[in-house]
>>> print(open('entry_8.cif').read())   # mmCIF, C-alpha atoms
data_model
loop_
_atom_site.label_atom_id
_atom_site.label_comp_id
_atom_site.auth_asym_id
_atom_site.auth_seq_id
_atom_site.Cartn_x
_atom_site.Cartn_y
_atom_site.Cartn_z
CA MET A 28 13.15 -71.02 -14.01
CA ASN A 29 13.49 -71.27 -17.75
CA SER A 30 14.06 -67.76 -19.12
CA ALA A 31 12.58 -68.78 -22.47
CA ASN A 32 9.26 -69.27 -20.66
CA ALA A 33 9.54 -65.87 -18.95
CA VAL A 34 9.14 -64.00 -22.27
CA PRO A 35 6.50 -65.67 -24.42
CA ARG A 36 7.45 -65.42 -28.07
CA HIS A 37 5.02 -64.43 -30.77
CA ARG A 38 6.13 -64.84 -34.37
CA LEU A 39 5.13 -61.89 -36.56
CA LEU A 40 4.54 -61.97 -40.31
CA VAL A 41 4.05 -58.53 -41.93
CA VAL A 42 1.92 -58.36 -45.09
CA ASP A 43 1.83 -55.10 -47.07
CA ASP A 44 2.52 -54.21 -50.70
CA SER A 45 4.61 -51.21 -49.59
CA THR A 46 8.26 -51.94 -48.77
CA VAL A 47 8.45 -48.73 -46.76
CA ILE A 48 5.52 -49.79 -44.57
CA ARG A 49 6.79 -53.37 -44.14
CA ARG A 50 10.18 -52.11 -42.99
CA ARG A 51 8.58 -49.48 -40.78
CA ILE A 52 6.42 -52.06 -38.97
CA GLU A 53 9.46 -54.30 -38.46
CA ARG A 54 11.51 -51.38 -37.09
CA ALA A 55 8.79 -49.85 -34.95
CA ASN A 56 7.90 -53.03 -33.08
CA ASP A 57 9.49 -52.62 -29.66
CA LEU A 58 7.70 -55.43 -27.85
CA GLU A 59 10.10 -58.07 -26.53
CA GLU A 60 7.41 -60.70 -26.81
CA ILE A 61 7.19 -60.28 -30.57
CA GLU A 62 9.77 -61.63 -32.96
CA PHE A 63 9.62 -60.52 -36.61
CA VAL A 64 9.91 -63.62 -38.81
CA GLY A 65 9.09 -62.46 -42.32
CA ALA A 66 7.30 -60.16 -44.74
CA ALA A 67 5.06 -60.63 -47.77
CA SER A 68 3.94 -58.13 -50.38
CA ASN A 69 0.57 -59.69 -51.25
CA GLY A 70 -1.91 -62.34 -50.15
CA VAL A 71 -0.49 -65.13 -52.30
CA GLU A 72 2.99 -64.62 -50.87
CA ALA A 73 1.53 -64.42 -47.36
CA LEU A 74 -0.14 -67.83 -47.69
CA ALA A 75 3.14 -69.40 -48.83
CA LEU A 76 5.13 -67.76 -46.04
CA HIS A 77 2.55 -68.75 -43.45
CA GLU A 78 3.12 -72.39 -44.27
CA GLN A 79 6.88 -71.96 -44.17
CA LEU A 80 7.29 -69.69 -41.13
CA GLN A 81 4.31 -70.67 -38.94
CA PRO A 82 3.70 -67.18 -37.52
CA THR A 83 1.36 -66.63 -34.58
CA LEU A 84 0.67 -62.96 -35.45
CA VAL A 85 0.06 -61.24 -38.77
CA THR A 86 -0.26 -57.57 -39.72
CA MET A 87 -2.31 -57.37 -42.90
CA ASP A 88 -2.80 -54.60 -45.45
CA LEU A 89 -6.07 -54.74 -47.42
CA THR A 90 -5.46 -53.09 -50.80
CA MET A 91 -2.87 -55.33 -52.48
CA PRO A 92 -2.34 -56.83 -55.93
CA GLN A 93 -2.95 -60.52 -56.71
CA MET A 94 -4.90 -61.35 -53.54
CA ASP A 95 -6.35 -58.63 -51.32
CA GLY A 96 -6.16 -58.63 -47.55
CA VAL A 97 -9.76 -59.57 -46.80
CA GLU A 98 -9.51 -62.76 -48.87
CA CYS A 99 -6.14 -63.55 -47.32
CA VAL A 100 -7.47 -63.05 -43.77
CA ALA A 101 -10.27 -65.54 -44.48
CA LYS A 102 -7.86 -68.13 -45.89
CA LEU A 103 -5.34 -67.78 -43.08
CA VAL A 104 -7.98 -68.08 -40.37
CA GLN A 105 -9.42 -71.13 -42.10
CA ARG A 106 -5.95 -72.74 -41.91
CA ASP A 107 -5.19 -71.61 -38.38
CA PRO A 108 -8.12 -70.33 -36.30
CA ARG A 109 -5.76 -69.36 -33.44
CA LEU A 110 -3.82 -66.93 -35.66
CA ARG A 111 -4.16 -63.30 -34.52
CA ILE A 112 -4.39 -60.82 -37.35
CA LEU A 113 -4.12 -57.05 -37.08
CA VAL A 114 -5.43 -55.34 -40.20
CA ILE A 115 -3.44 -52.17 -40.97
CA SER A 116 -5.17 -50.31 -43.78
CA ALA A 117 -5.88 -46.83 -45.12
CA LEU A 118 -9.48 -47.86 -45.86
CA ALA A 119 -11.10 -45.87 -43.10
CA ASP A 120 -14.81 -46.66 -43.51
CA LYS A 121 -16.60 -48.71 -40.87
CA LEU A 122 -17.88 -51.35 -43.31
CA THR A 123 -14.36 -52.31 -44.33
CA ALA A 124 -13.30 -52.77 -40.71
CA ILE A 125 -16.42 -54.80 -39.97
CA GLU A 126 -15.84 -57.00 -43.03
CA ALA A 127 -12.24 -57.73 -42.00
CA LEU A 128 -13.29 -58.54 -38.43
CA GLU A 129 -16.07 -60.80 -39.68
CA LYS A 130 -13.55 -62.72 -41.80
CA GLY A 131 -11.51 -63.40 -38.67
CA ALA A 132 -9.20 -60.44 -38.06
CA SER A 133 -8.63 -59.61 -34.38
CA GLY A 134 -7.99 -55.88 -34.69
CA PHE A 135 -7.90 -52.90 -37.04
CA LEU A 136 -5.39 -50.04 -37.19
CA CYS A 137 -5.95 -47.22 -39.65
CA LYS A 138 -3.09 -45.77 -41.69
CA PRO A 139 -1.37 -43.42 -41.15
CA PHE A 140 -0.13 -44.52 -37.73
CA THR A 141 2.55 -43.55 -35.25
CA ASP A 142 5.01 -46.07 -33.80
CA ARG A 143 3.21 -45.76 -30.49
CA GLN A 144 -0.19 -46.52 -32.05
CA LEU A 145 1.31 -49.57 -33.75
CA ASN A 146 2.83 -50.89 -30.56
CA ASP A 147 -0.38 -50.28 -28.62
CA ALA A 148 -2.31 -52.24 -31.25
CA LEU A 149 0.22 -55.10 -31.21
CA ARG A 150 0.16 -55.16 -27.40
CA LYS A 151 -3.62 -55.40 -27.48
CA LEU A 152 -3.40 -58.17 -30.07
CA ILE A 153 -1.14 -60.40 -27.95
CA SER A 154 -2.99 -59.73 -24.73
CA GLY A 155 -6.42 -60.33 -26.24
CA MET B 15 -21.70 -33.68 -50.24
CA SER B 16 -20.83 -30.24 -51.61
CA LEU B 17 -17.63 -29.69 -53.60
CA GLU B 18 -16.30 -27.64 -50.71
CA ALA B 19 -16.96 -30.46 -48.26
CA GLU B 20 -15.38 -33.01 -50.61
CA VAL B 21 -12.21 -30.93 -50.90
CA GLY B 22 -12.25 -30.54 -47.10
CA VAL B 23 -12.12 -34.33 -46.73
CA PHE B 24 -8.84 -34.47 -48.68
CA VAL B 25 -7.36 -31.41 -46.93
CA GLU B 26 -8.09 -33.03 -43.57
CA GLY B 27 -6.50 -36.26 -44.83
CA VAL B 28 -3.31 -34.44 -45.88
CA LEU B 29 -2.98 -32.65 -42.53
CA ASN B 30 -3.56 -35.90 -40.64
CA TYR B 31 -1.07 -37.79 -42.82
CA PHE B 32 1.83 -35.41 -42.17
CA GLY B 33 1.00 -34.90 -38.49
CA THR B 34 0.93 -38.65 -37.91
CA SER B 35 3.31 -40.28 -40.36
CA VAL B 36 6.23 -37.87 -40.21
CA GLN B 37 5.02 -36.06 -37.10
CA GLN B 38 5.58 -32.60 -38.55
CA HIS B 39 2.55 -30.67 -39.60
CA ALA B 40 1.95 -29.57 -43.18
CA GLN B 41 -0.12 -26.66 -44.39
CA CYS B 42 -2.55 -26.69 -47.27
CA GLY B 43 -2.87 -23.67 -49.54
CA THR B 44 -6.09 -22.61 -51.18
CA PRO B 45 -7.51 -25.44 -53.29
CA HIS B 46 -8.23 -24.35 -56.86
CA LEU B 47 -9.60 -25.70 -60.10
CA ALA B 48 -7.03 -26.26 -62.84
CA LEU B 49 -8.90 -24.34 -65.52
CA ASN B 50 -6.42 -23.24 -68.14
CA ALA B 51 -3.41 -25.44 -67.66
CA ARG B 52 -2.91 -28.98 -66.50
CA PRO B 53 -1.61 -29.23 -62.92
CA GLU B 54 2.16 -29.24 -62.66
CA ILE B 55 3.67 -32.68 -62.04
CA SER B 56 6.69 -33.02 -59.76
CA ASP B 57 9.51 -35.62 -59.58
CA TYR B 58 7.37 -38.47 -58.25
CA THR B 59 3.62 -38.98 -58.55
CA GLY B 60 1.43 -41.65 -56.97
CA ILE B 61 -1.88 -42.21 -58.76
CA ILE B 62 -4.99 -43.96 -57.49
CA GLN B 63 -7.83 -44.77 -59.86
CA VAL B 64 -11.24 -44.36 -58.26
CA SER B 65 -14.30 -46.37 -59.31
CA GLY B 66 -17.70 -47.28 -57.92
CA LYS B 67 -19.99 -44.51 -56.77
CA ARG B 68 -17.42 -41.93 -57.95
CA ALA B 69 -14.98 -42.30 -60.81
CA GLY B 70 -11.73 -40.56 -61.56
CA LEU B 71 -8.34 -40.27 -59.95
CA VAL B 72 -6.47 -38.99 -56.94
CA ALA B 73 -2.77 -38.17 -57.37
CA PHE B 74 -0.09 -37.01 -54.98
CA THR B 75 2.93 -35.37 -56.61
CA ALA B 76 6.09 -34.30 -54.76
CA PRO B 77 9.75 -33.45 -55.32
CA LYS B 78 12.46 -36.03 -54.67
CA SER B 79 13.99 -33.90 -51.90
CA MET B 80 10.73 -33.80 -49.95
CA LEU B 81 10.11 -37.54 -50.21
CA SER B 82 13.72 -38.23 -49.19
CA VAL B 83 13.32 -36.18 -46.01
CA MET B 84 10.01 -37.88 -45.28
CA LEU B 85 11.69 -41.28 -45.53
CA MET B 86 14.41 -40.12 -43.16
CA ARG B 87 11.76 -38.87 -40.70
CA MET B 88 10.38 -42.42 -40.78
CA GLN B 89 13.85 -43.74 -39.83
CA GLU B 90 14.24 -45.27 -43.29
CA THR B 91 17.90 -45.45 -44.33
CA ASP B 92 17.33 -46.69 -47.89
CA ILE B 93 16.54 -43.54 -49.90
CA SER B 94 16.56 -45.35 -53.24
CA HIS B 95 14.44 -44.59 -56.31
CA GLU B 96 12.41 -47.73 -55.50
CA ASN B 97 11.60 -46.52 -51.99
CA LEU B 98 10.75 -43.02 -53.22
CA CYS B 99 8.29 -44.59 -55.69
CA ASP B 100 6.95 -46.81 -52.93
CA LEU B 101 6.41 -43.88 -50.57
CA VAL B 102 4.66 -41.63 -53.09
CA GLY B 103 2.32 -44.51 -54.00
CA GLU B 104 1.63 -45.24 -50.36
CA ILE B 105 0.79 -41.59 -49.64
CA ALA B 106 -1.68 -41.51 -52.56
CA ASN B 107 -3.16 -44.78 -51.32
CA THR B 108 -3.50 -43.54 -47.75
CA LEU B 109 -5.10 -40.22 -48.69
CA SER B 110 -7.61 -41.96 -51.00
CA GLY B 111 -8.35 -44.76 -48.55
CA ASN B 112 -8.93 -42.34 -45.70
CA ALA B 113 -11.47 -40.49 -47.85
CA ARG B 114 -13.73 -43.54 -47.66
CA ARG B 115 -14.58 -42.50 -44.12
CA ASP B 116 -16.67 -39.73 -45.69
CA PHE B 117 -17.27 -40.95 -49.26
CA GLY B 118 -18.33 -44.42 -48.11
CA HIS B 119 -17.61 -48.05 -48.96
CA GLN B 120 -18.52 -47.56 -52.63
CA PHE B 121 -15.56 -45.22 -53.12
CA GLN B 122 -13.37 -47.96 -54.55
CA ILE B 123 -9.67 -47.41 -55.01
CA SER B 124 -7.02 -49.18 -57.05
CA VAL B 125 -3.54 -50.15 -55.97
CA PRO B 126 -1.21 -47.22 -56.65
CA ALA B 127 0.53 -46.57 -59.96
CA VAL B 128 3.66 -44.43 -59.84
CA ILE B 129 5.30 -42.22 -62.43
CA SER B 130 8.59 -40.41 -62.07
CA GLY B 131 9.84 -37.40 -63.98
CA ARG B 132 8.64 -33.82 -64.13
CA GLY B 133 7.71 -34.04 -67.78
CA SER B 134 5.10 -36.70 -67.15
CA THR B 135 1.43 -36.13 -67.83
CA LEU B 136 -1.66 -37.54 -66.17
CA GLU B 137 -4.65 -38.79 -68.12
CA TYR B 138 -7.73 -37.14 -66.64
CA PRO B 139 -11.23 -38.52 -67.16
CA ASP B 140 -13.28 -36.71 -69.81
CA ALA B 141 -15.54 -33.88 -68.70
CA THR B 142 -13.78 -33.37 -65.39
CA ARG B 143 -11.75 -30.53 -63.98
CA PRO B 144 -8.87 -31.38 -61.67
CA ILE B 145 -8.84 -29.73 -58.26
CA VAL B 146 -5.36 -28.90 -56.97
CA ILE B 147 -4.63 -28.79 -53.25
CA PRO B 148 -1.20 -27.15 -52.66
CA ILE B 149 0.75 -28.69 -49.77
CA ASP B 150 3.60 -26.95 -47.92
CA TRP B 151 5.78 -29.03 -45.61
CA ARG B 152 8.99 -27.56 -44.19
CA ASN B 153 10.40 -25.76 -47.27
CA TYR B 154 8.95 -28.23 -49.74
CA HIS B 155 5.93 -27.96 -52.00
CA ALA B 156 3.74 -30.86 -53.13
CA ARG B 157 0.26 -31.12 -54.61
CA LEU B 158 -2.73 -33.36 -54.22
CA ILE B 159 -4.76 -33.56 -57.42
CA VAL B 160 -8.34 -34.74 -57.13
CA CYS B 161 -10.30 -35.33 -60.30
CA LEU B 162 -13.65 -37.05 -59.81
CA HIS B 163 -16.89 -37.22 -61.74
#
>>> encode(input="entry_8.cif", output="structure tokens")
Amino acid sequence: MNSANAVPRHRLLVVDDSTVIRRRIERANDLEEIEFVGAASNGVEALALHEQLQPTLVTMDLTMPQMDGVECVAKLVQRDPRLRILVISALADKLTAIEALEKGASGFLCKPFTDRQLNDALRKLISG
Amino acid sequence: MSLEAEVGVFVEGVLNYFGTSVQQHAQCGTPHLALNARPEISDYTGIIQVSGKRAGLVAFTAPKSMLSVMLMRMQETDISHENLCDLVGEIANTLSGNARRDFGHQFQISVPAVISGRGSTLEYPDATRPIVIPIDWRNYHARLIVCLH
């Protein structure tokens, strides 16, 4: 049996304008199935890195300079409809979550979050 | 929403932030209006401009020592000036963003601006009075300043 097939790999791109949050998401991920491949600090950077790194999973902040998360979600999903995107945002109102999901996000995690909440959300994302 | 209820939204946000993000609870002192003097500004201050249905600003101001310990609690090893600025901006962003749960979708917030230095001053909107929410965490003291029309 090929061991590479035993643990399916998901390639994670983290998008957030906060360095502290980007590094925290990278550190907190304890799922063997998920490999961190890169990080972007805004939507424009995320689109460029998507082309270069071909991630299968994205965590996406919403309030960012240059291009916000909602616009970036729509563009990424247009490029790759199979891409799974977890929105991680402080914007806690229902309409924002609905808007992100309508644009093609697969899940929503509200900031602040614990490591456990993050891993639960990522687990849900790869199993959904 | 009454002023009391509005302040309660931010107090709840502060308590939730510390309990979740650094997993050590904070306590909020009695919120008060800054009537005679401008609220005191600490080493680092994250500022969010609010527009839409409400206009004004939300600012979180904290000493360097407190933010450094918070970073360490998050397992962050880089306690640089850049990361302290980043954290204080992110806290202001999170507390303002969470308030949309109660203030609604039209409570629009900017990306954070950050100032460092105790001598700094904040520009408050005309005809407003800042509300100061004192925050105690471990032995540290921070403030959330809410100033909305």
>>> resolve_selection(input="entry_8.cif", expression="the PyMOL selection byres ((chain B) within 8 of (chain A))", output="ChimeraX atom specification")
/B:30-31,34-35,88-90,97,100-101,104,107-116,118-119,124-125
>>> atom_distance(input="entry_8.cif", atom1="atom CA of Thr44 of chain B", atom2="atom CA of Pro126 of chain B")
25.7 Å
>>> atom_distance(input="entry_8.cif", atom1="atom CA of Glu60 of chain A", atom2="atom CA of Lys130 of chain A")
25.8 Å
>>> axis_aligned_box(input="entry_8.cif", around="segment 38-53 of chain B", padding_each_side="4 Å", output="lines of an AutoDock Vina configuration file")
center_x = -2.0
center_y = -27.6
center_z = -53.3
size_x = 23.2
size_y = 18.0
size_z = 37.6
>>> closest_residue(input="entry_8.cif", among="A:Asp57, A:Glu129, A:Glu78, A:Asp88", to="Arg106 of chain A", atoms="only C-alpha atoms")
A:Glu78
>>> residues_around(input="entry_8.cif", residues="His163 of chain B", least_positions_apart="4", cutoff="7 Å", atoms="all atoms listed in the file", output="MDAnalysis selection string")
chainID B and resid 68:70 142
>>> atom_distance(input="entry_8.cif", atom1="atom CA of Ser133 of chain A", atom2="atom CA of Leu84 of chain A")
9.9 Å
>>> resolve_selection(input="entry_8.cif", expression="the PyMOL selection byres ((chain A and resi 38) around 8)", output="short mmCIF file (atom, residue, chain, number, x, y, z; two decimals) with C-alpha atoms, in the frame of the given file")
data_model
loop_
_atom_site.label_atom_id
_atom_site.label_comp_id
_atom_site.auth_asym_id
_atom_site.auth_seq_id
_atom_site.Cartn_x
_atom_site.Cartn_y
_atom_site.Cartn_z
CA ARG A 36 7.45 -65.42 -28.07
CA HIS A 37 5.02 -64.43 -30.77
CA LEU A 39 5.13 -61.89 -36.56
CA LEU A 40 4.54 -61.97 -40.31
CA ILE A 61 7.19 -60.28 -30.57
CA GLU A 62 9.77 -61.63 -32.96
CA PHE A 63 9.62 -60.52 -36.61
CA VAL A 64 9.91 -63.62 -38.81
CA GLN A 81 4.31 -70.67 -38.94
CA PRO A 82 3.70 -67.18 -37.52
CA THR A 83 1.36 -66.63 -34.58
CA LEU A 84 0.67 -62.96 -35.45
#
>>> closest_residue(input="entry_8.cif", among="A:Gly155, A:Pro108, A:Gly134, A:Gly96", to="Val42 of chain A", atoms="only C-alpha atoms")
A:Gly96
>>> residues_around(input="entry_8.cif", residues="Val114 of chain A", least_positions_apart="5", cutoff="9 Å", atoms="only C-alpha atoms", output="ChimeraX atom specification")
/A:85-89,96-97,100,124,127-128,132-137
>>> resolve_selection(input="entry_8.cif", expression="the PyMOL selection byres ((chain A and resi 67) around 7)", output="count of residues only")
8
>>> residues_around(input="entry_8.cif", residues="Leu47 of chain B", least_positions_apart="5", cutoff="10 Å", atoms="only C-alpha atoms", output="MDAnalysis selection string")
chainID B and resid 52:53 143:147 159:161
>>> build_atoms(input="entry_8.cif", residues="segment 34-61 of chain B", atoms="N, CA and C atoms", output="CSV table (one decimal), in the frame of the given file")
chain,number,residue,atom,x,y,z
B,34,THR,N,0.8,-37.3,-38.5
B,34,THR,CA,0.9,-38.6,-37.9
B,34,THR,C,2.2,-39.4,-38.4
B,35,SER,N,2.3,-39.4,-39.7
B,35,SER,CA,3.3,-40.3,-40.4
B,35,SER,C,4.7,-39.7,-40.2
B,36,VAL,N,4.9,-38.4,-40.4
B,36,VAL,CA,6.2,-37.9,-40.2
B,36,VAL,C,6.3,-36.9,-39.0
B,37,GLN,N,5.1,-36.8,-38.3
B,37,GLN,CA,5.0,-36.1,-37.1
B,37,GLN,C,5.6,-34.6,-37.2
B,38,GLN,N,5.3,-34.0,-38.3
B,38,GLN,CA,5.6,-32.6,-38.6
B,38,GLN,C,4.4,-32.1,-39.4
B,39,HIS,N,3.8,-31.1,-38.9
B,39,HIS,CA,2.6,-30.7,-39.6
B,39,HIS,C,2.8,-30.0,-40.9
B,40,ALA,N,1.9,-30.2,-41.9
B,40,ALA,CA,2.0,-29.6,-43.2
B,40,ALA,C,0.9,-28.5,-43.2
B,41,GLN,N,0.9,-27.7,-44.2
B,41,GLN,CA,-0.1,-26.7,-44.4
B,41,GLN,C,-0.7,-26.8,-45.8
B,42,CYS,N,-2.0,-26.6,-45.9
B,42,CYS,CA,-2.6,-26.7,-47.3
B,42,CYS,C,-2.9,-25.3,-47.7
B,43,GLY,N,-2.5,-25.0,-49.0
B,43,GLY,CA,-2.9,-23.7,-49.5
B,43,GLY,C,-4.3,-23.7,-50.0
B,44,THR,N,-4.7,-22.7,-50.7
B,44,THR,CA,-6.1,-22.6,-51.2
B,44,THR,C,-6.3,-23.6,-52.3
B,45,PRO,N,-7.2,-24.5,-52.2
B,45,PRO,CA,-7.5,-25.4,-53.3
B,45,PRO,C,-8.1,-24.7,-54.5
B,46,HIS,N,-7.7,-25.1,-55.7
B,46,HIS,CA,-8.2,-24.4,-56.9
B,46,HIS,C,-8.5,-25.3,-58.0
B,47,LEU,N,-9.3,-24.9,-58.9
B,47,LEU,CA,-9.6,-25.7,-60.1
B,47,LEU,C,-8.5,-25.4,-61.1
B,48,ALA,N,-8.0,-26.5,-61.8
B,48,ALA,CA,-7.0,-26.3,-62.8
B,48,ALA,C,-7.8,-26.0,-64.1
B,49,LEU,N,-8.0,-24.7,-64.4
B,49,LEU,CA,-8.9,-24.3,-65.5
B,49,LEU,C,-8.2,-24.2,-66.9
B,50,ASN,N,-7.1,-23.5,-66.9
B,50,ASN,CA,-6.4,-23.2,-68.1
B,50,ASN,C,-5.2,-24.2,-68.5
B,51,ALA,N,-4.6,-24.6,-67.4
B,51,ALA,CA,-3.4,-25.4,-67.7
B,51,ALA,C,-3.5,-26.7,-66.8
B,52,ARG,N,-2.9,-27.7,-67.3
B,52,ARG,CA,-2.9,-29.0,-66.5
B,52,ARG,C,-2.0,-28.8,-65.2
B,53,PRO,N,-2.4,-29.4,-64.1
B,53,PRO,CA,-1.6,-29.2,-62.9
B,53,PRO,C,-0.2,-29.7,-63.1
B,54,GLU,N,0.7,-28.9,-62.5
B,54,GLU,CA,2.2,-29.2,-62.7
B,54,GLU,C,2.5,-30.5,-61.9
B,55,ILE,N,3.3,-31.4,-62.6
B,55,ILE,CA,3.7,-32.7,-62.0
B,55,ILE,C,5.1,-32.6,-61.5
B,56,SER,N,5.4,-33.1,-60.4
B,56,SER,CA,6.7,-33.0,-59.8
B,56,SER,C,7.5,-34.3,-60.0
B,57,ASP,N,8.6,-34.5,-59.3
B,57,ASP,CA,9.5,-35.6,-59.6
B,57,ASP,C,8.8,-37.0,-59.5
B,58,TYR,N,8.0,-37.2,-58.5
B,58,TYR,CA,7.4,-38.5,-58.2
B,58,TYR,C,5.9,-38.3,-58.0
B,59,THR,N,5.1,-39.1,-58.7
B,59,THR,CA,3.6,-39.0,-58.6
B,59,THR,C,3.0,-40.3,-58.3
B,60,GLY,N,2.2,-40.4,-57.3
B,60,GLY,CA,1.4,-41.6,-57.0
B,60,GLY,C,0.0,-41.4,-57.4
B,61,ILE,N,-0.5,-42.4,-58.2
B,61,ILE,CA,-1.9,-42.2,-58.8
B,61,ILE,C,-2.8,-43.3,-58.3
